[in-house]
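Have a look at my_file_15.txt below; it lists compact mmCIF, C-alpha atoms.
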# COMPACT_ATOMS: atom_id res chain seq x y z
CA MET A 12 -11.83 -19.45 -8.03
CA GLU A 13 -15.31 -18.27 -7.13
CA MET A 14 -15.64 -15.39 -4.70
CA SER A 15 -15.26 -16.77 -1.20
CA ALA A 16 -14.59 -15.45 2.26
CA HIS A 17 -12.58 -18.56 3.11
CA TYR A 18 -8.88 -18.25 2.39
CA THR A 19 -5.99 -20.31 3.70
CA SER A 20 -3.00 -18.16 2.68
CA PHE A 21 -2.09 -14.58 1.80
CA VAL A 22 1.01 -13.02 0.25
CA ALA A 23 1.49 -9.24 0.08
CA ILE A 24 4.04 -7.60 -2.21
CA GLY A 25 4.92 -3.98 -2.83
CA ASP A 26 6.60 -1.01 -1.18
CA SER A 27 6.23 1.00 2.04
CA PHE A 28 2.44 1.16 1.72
CA THR A 29 2.22 -2.62 2.03
CA GLU A 30 5.10 -2.88 4.50
CA GLY A 31 2.96 -0.81 6.85
CA MET A 32 4.56 2.62 7.22
CA SER A 33 3.60 4.62 9.27
CA ASP A 34 1.50 2.34 11.47
CA LEU A 35 4.18 2.30 14.15
CA GLN A 36 4.02 -0.25 16.97
CA PRO A 37 5.45 0.10 20.51
CA ASP A 38 8.44 -2.10 19.62
CA GLY A 39 9.40 0.19 16.73
CA SER A 40 8.13 -2.11 13.98
CA TYR A 41 5.43 -1.30 11.46
CA ARG A 42 2.13 -3.17 11.27
CA GLY A 43 -0.05 -1.83 8.45
CA TRP A 44 -3.12 -2.88 6.51
CA ALA A 45 -1.67 -6.19 5.23
CA ASP A 46 -0.91 -7.41 8.77
CA LEU A 47 -4.37 -6.33 9.89
CA LEU A 48 -5.98 -8.18 7.00
CA ALA A 49 -3.92 -11.30 7.72
CA ALA A 50 -5.00 -11.23 11.36
CA ARG A 51 -8.63 -11.02 10.33
CA LEU A 52 -8.34 -13.84 7.79
CA ALA A 53 -6.47 -16.00 10.30
CA LEU A 54 -9.42 -15.84 12.68
CA ARG A 55 -11.49 -17.66 10.07
CA THR A 56 -9.10 -20.46 9.13
CA GLU A 57 -6.96 -22.67 11.32
CA GLY A 58 -3.38 -22.86 10.08
CA PHE A 59 -3.73 -19.70 7.98
CA ARG A 60 -0.40 -18.71 6.40
CA TYR A 61 0.90 -15.23 5.62
CA ALA A 62 3.94 -13.68 3.96
CA ASN A 63 4.73 -10.01 3.42
CA LEU A 64 7.53 -9.40 0.93
CA ALA A 65 7.05 -5.63 0.67
CA VAL A 66 10.00 -3.32 1.33
CA ARG A 67 9.86 0.45 1.59
CA GLY A 68 11.18 2.53 -1.30
CA LYS A 69 10.93 -0.20 -3.93
CA LEU A 70 10.22 0.79 -7.53
CA ILE A 71 8.04 -1.40 -9.72
CA GLY A 72 11.10 -2.87 -11.47
CA GLN A 73 12.54 -3.96 -8.13
CA ILE A 74 9.20 -5.43 -7.07
CA VAL A 75 9.12 -7.46 -10.29
CA ASP A 76 12.74 -8.59 -9.94
CA GLU A 77 12.76 -9.34 -6.21
CA GLN A 78 9.22 -10.16 -5.08
CA VAL A 79 7.06 -11.45 -7.93
CA GLY A 80 8.94 -14.71 -8.44
CA PRO A 81 8.92 -15.75 -4.77
CA ALA A 82 5.27 -14.73 -4.43
CA ALA A 83 4.25 -16.75 -7.48
CA ALA A 84 6.09 -19.79 -6.14
CA MET A 85 4.07 -19.65 -2.90
CA ARG A 86 0.80 -20.24 -4.83
CA ALA A 87 -1.30 -18.48 -2.20
CA ASP A 88 -5.06 -18.14 -2.13
CA VAL A 89 -4.72 -14.34 -2.08
CA VAL A 90 -1.92 -12.15 -3.45
CA THR A 91 -1.99 -8.36 -3.23
CA LEU A 92 0.18 -6.31 -5.56
CA VAL A 93 0.59 -2.56 -5.06
CA GLY A 94 3.42 -0.82 -6.89
CA GLY A 95 4.35 1.88 -9.35
CA LEU A 96 3.48 4.91 -7.25
CA ASN A 97 7.08 5.44 -6.13
CA ASP A 98 7.98 5.61 -9.82
CA ALA A 99 5.14 8.01 -10.63
CA LEU A 100 6.17 10.41 -7.84
CA ARG A 101 9.68 10.84 -9.19
CA PRO A 102 10.51 13.99 -11.19
CA LYS A 103 11.15 11.92 -14.32
CA CYS A 104 9.11 8.79 -14.97
CA ASP A 105 8.52 6.64 -18.03
CA MET A 106 4.92 5.66 -17.43
CA ALA A 107 4.91 3.31 -20.41
CA ARG A 108 7.75 1.35 -18.80
CA VAL A 109 5.98 1.36 -15.42
CA CYS A 110 2.79 0.03 -17.00
CA GLY A 111 4.75 -2.62 -18.88
CA LEU A 112 6.43 -3.87 -15.71
CA LEU A 113 3.13 -3.92 -13.87
CA GLU A 114 1.67 -5.98 -16.69
CA GLU A 115 4.56 -8.42 -16.43
CA ALA A 116 3.91 -8.80 -12.71
CA VAL A 117 0.20 -9.46 -13.20
CA GLU A 118 0.82 -11.97 -15.99
CA ARG A 119 3.19 -13.92 -13.75
CA LEU A 120 1.06 -13.76 -10.60
CA ALA A 121 -2.48 -14.27 -11.87
CA PRO A 122 -2.09 -17.94 -12.95
CA THR A 123 -0.43 -18.90 -9.65
CA CYS A 124 -2.90 -17.62 -7.06
CA GLY A 125 -6.56 -17.95 -6.23
CA ARG A 126 -7.27 -14.24 -6.08
CA LEU A 127 -5.01 -11.44 -7.27
CA VAL A 128 -5.87 -8.06 -5.73
CA LEU A 129 -4.70 -4.78 -7.28
CA MET A 130 -5.30 -1.28 -5.94
CA HIS A 131 -5.71 2.34 -6.82
CA SER A 132 -3.38 3.73 -4.15
CA PRO A 133 -4.83 6.45 -1.91
CA GLY A 134 -3.68 10.02 -2.35
CA ARG A 135 -3.42 12.78 0.24
CA GLN A 136 -5.30 15.93 -0.66
CA GLY A 137 -2.98 18.80 -1.54
CA PRO A 138 -0.77 20.30 -4.25
CA VAL A 139 1.48 17.25 -4.57
CA LEU A 140 -1.45 15.04 -5.50
CA ALA A 141 -2.65 17.60 -8.04
CA ARG A 142 0.78 17.72 -9.68
CA PHE A 143 1.04 13.97 -10.14
CA ARG A 144 -2.64 13.25 -10.78
CA PRO A 145 -2.20 12.68 -14.57
CA ARG A 146 0.41 9.97 -13.98
CA MET A 147 -1.70 8.32 -11.30
CA GLU A 148 -4.72 8.26 -13.57
CA VAL A 149 -2.66 6.58 -16.31
CA LEU A 150 -1.49 3.99 -13.78
CA PHE A 151 -4.98 3.33 -12.44
CA ALA A 152 -6.52 3.02 -15.90
CA HIS A 153 -3.88 0.42 -16.75
CA ILE A 154 -4.60 -1.43 -13.50
CA ASP A 155 -8.29 -1.59 -14.40
CA ALA A 156 -7.48 -2.96 -17.84
CA LEU A 157 -5.15 -5.61 -16.40
CA ALA A 158 -7.73 -6.63 -13.82
CA ALA A 159 -10.40 -7.06 -16.47
CA ARG A 160 -8.07 -9.12 -18.63
CA HIS A 161 -6.77 -11.41 -15.88
CA GLY A 162 -9.75 -11.67 -13.53
CA ALA A 163 -8.12 -9.70 -10.74
CA LEU A 164 -9.95 -7.66 -8.12
CA VAL A 165 -9.42 -3.91 -7.76
CA VAL A 166 -9.70 -1.90 -4.54
CA ASP A 167 -10.32 1.77 -5.37
CA LEU A 168 -8.74 3.63 -2.49
CA TYR A 169 -7.94 6.68 -4.59
CA GLY A 170 -11.63 7.25 -5.31
CA SER A 171 -12.45 7.55 -1.62
CA GLY A 172 -12.58 11.13 -0.46
CA ALA A 173 -12.18 9.98 3.13
CA LEU A 174 -8.71 8.52 2.56
CA GLY A 175 -7.56 11.81 1.08
CA ASP A 176 -8.11 13.56 4.41
CA PRO A 177 -4.71 14.86 5.59
CA ARG A 178 -5.55 13.70 9.13
CA LEU A 179 -5.24 10.09 7.92
CA TRP A 180 -1.65 10.72 6.79
CA ASP A 181 1.52 10.78 8.85
CA ALA A 182 3.75 13.84 9.23
CA ASP A 183 5.81 12.73 6.21
CA ARG A 184 2.68 13.16 4.02
CA LEU A 185 3.54 9.95 2.20
CA HIS A 186 2.25 7.23 4.52
CA LEU A 187 -1.05 6.51 6.23
CA THR A 188 -1.65 6.68 9.95
CA THR A 189 -2.88 3.72 12.00
CA GLU A 190 -6.49 4.68 11.25
CA GLY A 191 -5.71 4.99 7.55
CA HIS A 192 -4.25 1.48 7.46
CA ARG A 193 -7.25 0.14 9.36
CA ARG A 194 -9.53 1.55 6.70
CA VAL A 195 -7.47 0.03 3.90
CA ALA A 196 -7.60 -3.39 5.56
CA GLU A 197 -11.38 -3.07 5.81
CA ALA A 198 -11.62 -2.07 2.14
CA VAL A 199 -9.60 -5.09 0.98
CA ALA A 200 -11.53 -7.44 3.26
CA GLN A 201 -14.80 -6.30 1.74
CA VAL A 202 -13.54 -6.76 -1.81
CA LEU A 203 -12.51 -10.30 -0.84
CA GLY A 204 -16.07 -11.03 0.25
CA LEU A 205 -15.84 -10.69 4.04
CA ASP A 206 -18.75 -9.19 5.89
CA PRO A 207 -18.18 -5.47 6.49
CA GLU A 208 -17.28 -4.36 10.00
CA ASP A 209 -17.90 -0.69 9.15
CA ASP A 210 -17.94 1.74 6.23
CA TRP A 211 -14.30 2.58 5.55
CA ARG A 212 -15.40 5.46 3.29
CA THR A 213 -17.02 7.40 6.14
CA PRO A 214 -15.41 10.85 6.35
CA LEU A 215 -13.76 11.97 9.56
CA ALA A 216 -15.71 14.37 11.71
CA SER A 217 -15.11 18.01 10.86
CA ALA A 218 -12.39 19.75 12.83
CA PRO A 219 -11.60 23.42 13.54
CA LEU A 220 -9.58 25.10 10.81
CA THR A 221 -5.86 25.37 11.48
CA GLY A 222 -4.47 28.88 11.53
CA TRP A 223 -2.03 30.21 8.95
CA ALA A 224 0.93 30.28 11.34
CA ALA A 225 0.39 26.69 12.43
CA ARG A 226 0.13 25.53 8.82
CA ARG A 227 3.36 27.29 7.87
CA ALA A 228 5.16 25.81 10.88
CA ALA A 229 3.96 22.33 9.88
CA ASP A 230 5.16 22.93 6.31
CA LEU A 231 8.61 23.93 7.57
CA ARG A 232 8.87 20.83 9.78
CA PHE A 233 7.79 18.65 6.89
CA THR A 234 10.41 20.20 4.58
CA ARG A 235 13.21 19.85 7.12
CA GLN A 236 12.41 16.39 8.45
CA HIS A 237 10.96 14.60 5.45
CA LEU A 238 11.09 16.41 2.09
CA GLY A 239 14.76 17.39 2.34
CA PRO A 240 15.99 13.86 3.12
CA TRP A 241 13.71 12.43 0.41
CA ILE A 242 15.22 14.78 -2.19
CA GLY A 243 18.70 13.94 -0.93
CA ARG A 244 18.11 10.23 -1.50
CA ARG A 245 16.81 10.90 -5.02
CA LEU A 246 19.88 12.99 -5.90
CA THR A 247 22.32 10.38 -4.60
CA GLY A 248 20.49 7.32 -5.95
CA ARG A 249 19.75 5.95 -2.49
CA SER A 250 16.51 4.44 -1.22
CA SER A 251 14.93 4.12 2.21
CA GLY A 252 14.78 0.38 1.52
CA ASP A 253 18.49 -0.10 0.85
CA GLY A 254 19.77 -3.04 2.89
CA ARG A 255 16.34 -3.92 4.24
CA SER A 256 14.73 -7.33 3.90
CA ALA A 257 11.07 -8.29 3.99
CA LYS A 258 9.55 -8.59 7.45
CA ARG A 259 7.77 -11.87 6.60
CA PRO A 260 9.70 -13.46 3.72
CA ASP A 261 8.26 -16.97 4.14
CA LEU A 262 4.70 -18.22 3.87
CA LEU A 263 4.26 -19.48 7.42
CA PRO A 264 1.35 -19.92 9.83
CA TYR A 265 0.20 -16.56 11.10
CA GLU A 266 0.87 -15.82 14.74
CA PRO A 267 -0.40 -12.60 16.31
CA PRO A 268 2.38 -10.30 17.54
CA ARG A 269 3.28 -10.47 21.20
CA PRO A 270 1.97 -7.57 23.28

Can you turn what I pasted into structure tokens?
Amino acid sequence: MEMSAHYTSFVAIGDSFTEGMSDLQPDGSYRGWADLLAARLALRTEGFRYANLAVRGKLIGQIVDEQVGPAAAMRADVVTLVGGLNDALRPKCDMARVCGLLEEAVERLAPTCGRLVLMHSPGRQGPVLARFRPRMEVLFAHIDALAARHGALVVDLYGSGALGDPRLWDADRLHLTTEGHRRVAEAVAQVLGLDPEDDWRTPLASAPLTGWAARRAADLRFTRQHLGPWIGRRLTGRSSGDGRSAKRPDLLPYEPPRP
């Protein structure tokens, strides 16, 4: 398919990033960049259809086993695939296996959709990103190679300094805020050929430096509320996505959420 800003259907697959955490809505649900992109595409095409199969906590093997087949069967104009980062952030990770599973997903999806979109996931500035940077760079290099081989598009969110700003990340330091998701939706829209609404790479305005005591208090809250439970799930083999189903499992006409 030639580059076009006219699309009739969109399927998103992946993990919590694509599900929409932590873009929390008043009713307790998550919206996120994929929903925002779908809403924008729906304004351009009557009868536009959208499915979001992403579920938080999913590893790339689970995405391949549970989401790739249904997504391929939908034969959408646009499919976005973001996965592998949950694997890379684990203490032990076979990156060769992760890359192999990602390749399997791309090989199955690319022939069945008009445009396959892959991404370099954004990373929050800080010591955690520095620790896992080598794995992420392996993953992103493989994504680039797959995209070149299969004619997929790549959205480089990792390369944007703006999206690394801690103020665009929720208190759990793993998921983007509402503004972060808005910027991702804008980035994907531009790669798909839509006219830009703004420059999603624009850095946030500078803010006063946070004092040492406030930073330490934030670190303690993060450890107690988020890091501790995350480690507990890893040790017991549980996932935040256990028992959860996709929020939009079927490719149906898009309807904006009720206020």

(message) One number please: CA of Ser171 (chain A) to CA of Ala257 (chain A), in Å, one decimal.
(response)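 One can read the CA of Ser171 (chain A) to CA of Ala257 (chain A) distance as 28.9 Å.
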
(request) Could you check how far CA of Asp209 (chain A) sits from CA of Val22 (chain A), in Å to one decimal? (result) 24.3 Å

(request) Tell me which of A:Val166, A:Arg108, A:Ala23, A:Val149 sits closest to Cys124 (chain A), counting all atoms listed in the file. (result) A:Ala23

(message) Tell me which residues come within 12 Å of (-4.4, 2.4, -22.2), as a PyMOL selection string, counting all atoms listed in the file in the file's coordinates.
(response) chain A and resi 106-107+110-111+114+148-157

(request) Find, counting all atoms listed in the file, the residue in A:Tyr61, A:Phe28, A:Tyr41, A:Phe21 that gets nearest to Glu266 (chain A). (result) A:Tyr61

Sorted by chain and rising residue number, which residues of region 14-64 of chain A lie within 7 Å of region 74-84 of chain A, and what are their closest atom pairs and distances in Å to one decimal, counting all atoms listed in the file, as a tab-separated table?
residue	atom	partner	partner_atom	distance
A:Val22	CA	A:Ala82	CA	6.6
A:Ile24	CA	A:Gln78	CA	6.5
A:Gly25	CA	A:Ile74	CA	6.2
A:Leu64	CA	A:Gln78	CA	6.3

(message) So the first atom is CA of Phe59 (chain A) and the second is CA of Pro260 (chain A); what is the distance between them in Å, to one decimal place?
(response) 15.4 Å

(message) Residues near Leu47 (chain A), anyone? I mean within 12 Å using only C-alpha atoms, not counting same-chain ones fewer than 2 positions away, as a ChimeraX atom specification.
(response) /A:21,23,29-31,34,41-45,49-54,61,63,189-200,265-268

(request) Place a sphere of radius 12 Å on (5.8, 4.1, -10.2) in the file coordinates and name every protein, DNA or RNA residue with an atom inside or on its surface, counting all atoms listed in the file; give the answer as a ChimeraX atom specification. (result) /A:25-26,68-74,93-113,132,143,146-151

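With only C-alpha atoms as the atoms that count, the minimum distance from Leu120 (chain A) to the choices A:Gly58, A:Pro207, A:Gly162, A:Pro177 is reached by A:Gly162.
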
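Nearest to Gly175 (chain A) of all the residues A:Ala116, A:Leu215, A:Leu203, A:Ala163 is A:Leu215, counting all atoms listed in the file.
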
(message) Using all atoms listed in the file, can you tell me which of A:Ala141, A:Leu185, A:Leu168, A:Ala121 comes closest to Val202 (chain A)?
(response) A:Leu168

Close residues, His17 (chain A) itself excluded, 10 Å, only C-alpha atoms, min 3 positions apart in chain, as a PDB file with C-alpha atoms, in the frame of the given file:
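Resulting contents of selection-v9.pdb:
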ATOM      1  CA  MET A  14     -15.640 -15.390  -4.700  1.00  0.00           C
ATOM      2  CA  SER A  20      -3.000 -18.160   2.680  1.00  0.00           C
ATOM      3  CA  LEU A  52      -8.340 -13.840   7.790  1.00  0.00           C
ATOM      4  CA  ALA A  53      -6.470 -16.000  10.300  1.00  0.00           C
ATOM      5  CA  ARG A  55     -11.490 -17.660  10.070  1.00  0.00           C
ATOM      6  CA  THR A  56      -9.100 -20.460   9.130  1.00  0.00           C
ATOM      7  CA  ASP A  88      -5.060 -18.140  -2.130  1.00  0.00           C
ATOM      8  CA  LEU A 203     -12.510 -10.300  -0.840  1.00  0.00           C
ATOM      9  CA  GLY A 204     -16.070 -11.030   0.250  1.00  0.00           C
ATOM     10  CA  LEU A 205     -15.840 -10.690   4.040  1.00  0.00           C
TER      11      LEU A 205
END

Distance query Arg135 (chain A) at most 10 Å, all atoms listed in the file, self and fewer than 2 positions along chain excluded, as a CSV table (one decimal) with C-alpha atoms, in the frame of the given file:
chain,number,residue,atom,x,y,z
A,133,PRO,CA,-4.8,6.4,-1.9
A,137,GLY,CA,-3.0,18.8,-1.5
A,138,PRO,CA,-0.8,20.3,-4.2
A,139,VAL,CA,1.5,17.2,-4.6
A,140,LEU,CA,-1.4,15.0,-5.5
A,141,ALA,CA,-2.6,17.6,-8.0
A,169,TYR,CA,-7.9,6.7,-4.6
A,172,GLY,CA,-12.6,11.1,-0.5
A,173,ALA,CA,-12.2,10.0,3.1
A,174,LEU,CA,-8.7,8.5,2.6
A,175,GLY,CA,-7.6,11.8,1.1
A,176,ASP,CA,-8.1,13.6,4.4
A,177,PRO,CA,-4.7,14.9,5.6
A,178,ARG,CA,-5.6,13.7,9.1
A,179,LEU,CA,-5.2,10.1,7.9
A,180,TRP,CA,-1.6,10.7,6.8
A,184,ARG,CA,2.7,13.2,4.0
A,185,LEU,CA,3.5,10.0,2.2
A,186,HIS,CA,2.2,7.2,4.5
A,187,LEU,CA,-1.0,6.5,6.2

(request) Give the answer as one residue: which of A:Gln201, A:Gln136, A:Thr188, A:Ser217 has the shortest atom-to-atom distance to Leu48 (chain A), using all atoms listed in the file? (result)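 Residue with the minimum atom-to-atom distance to Leu48 (chain A): A:Gln201.
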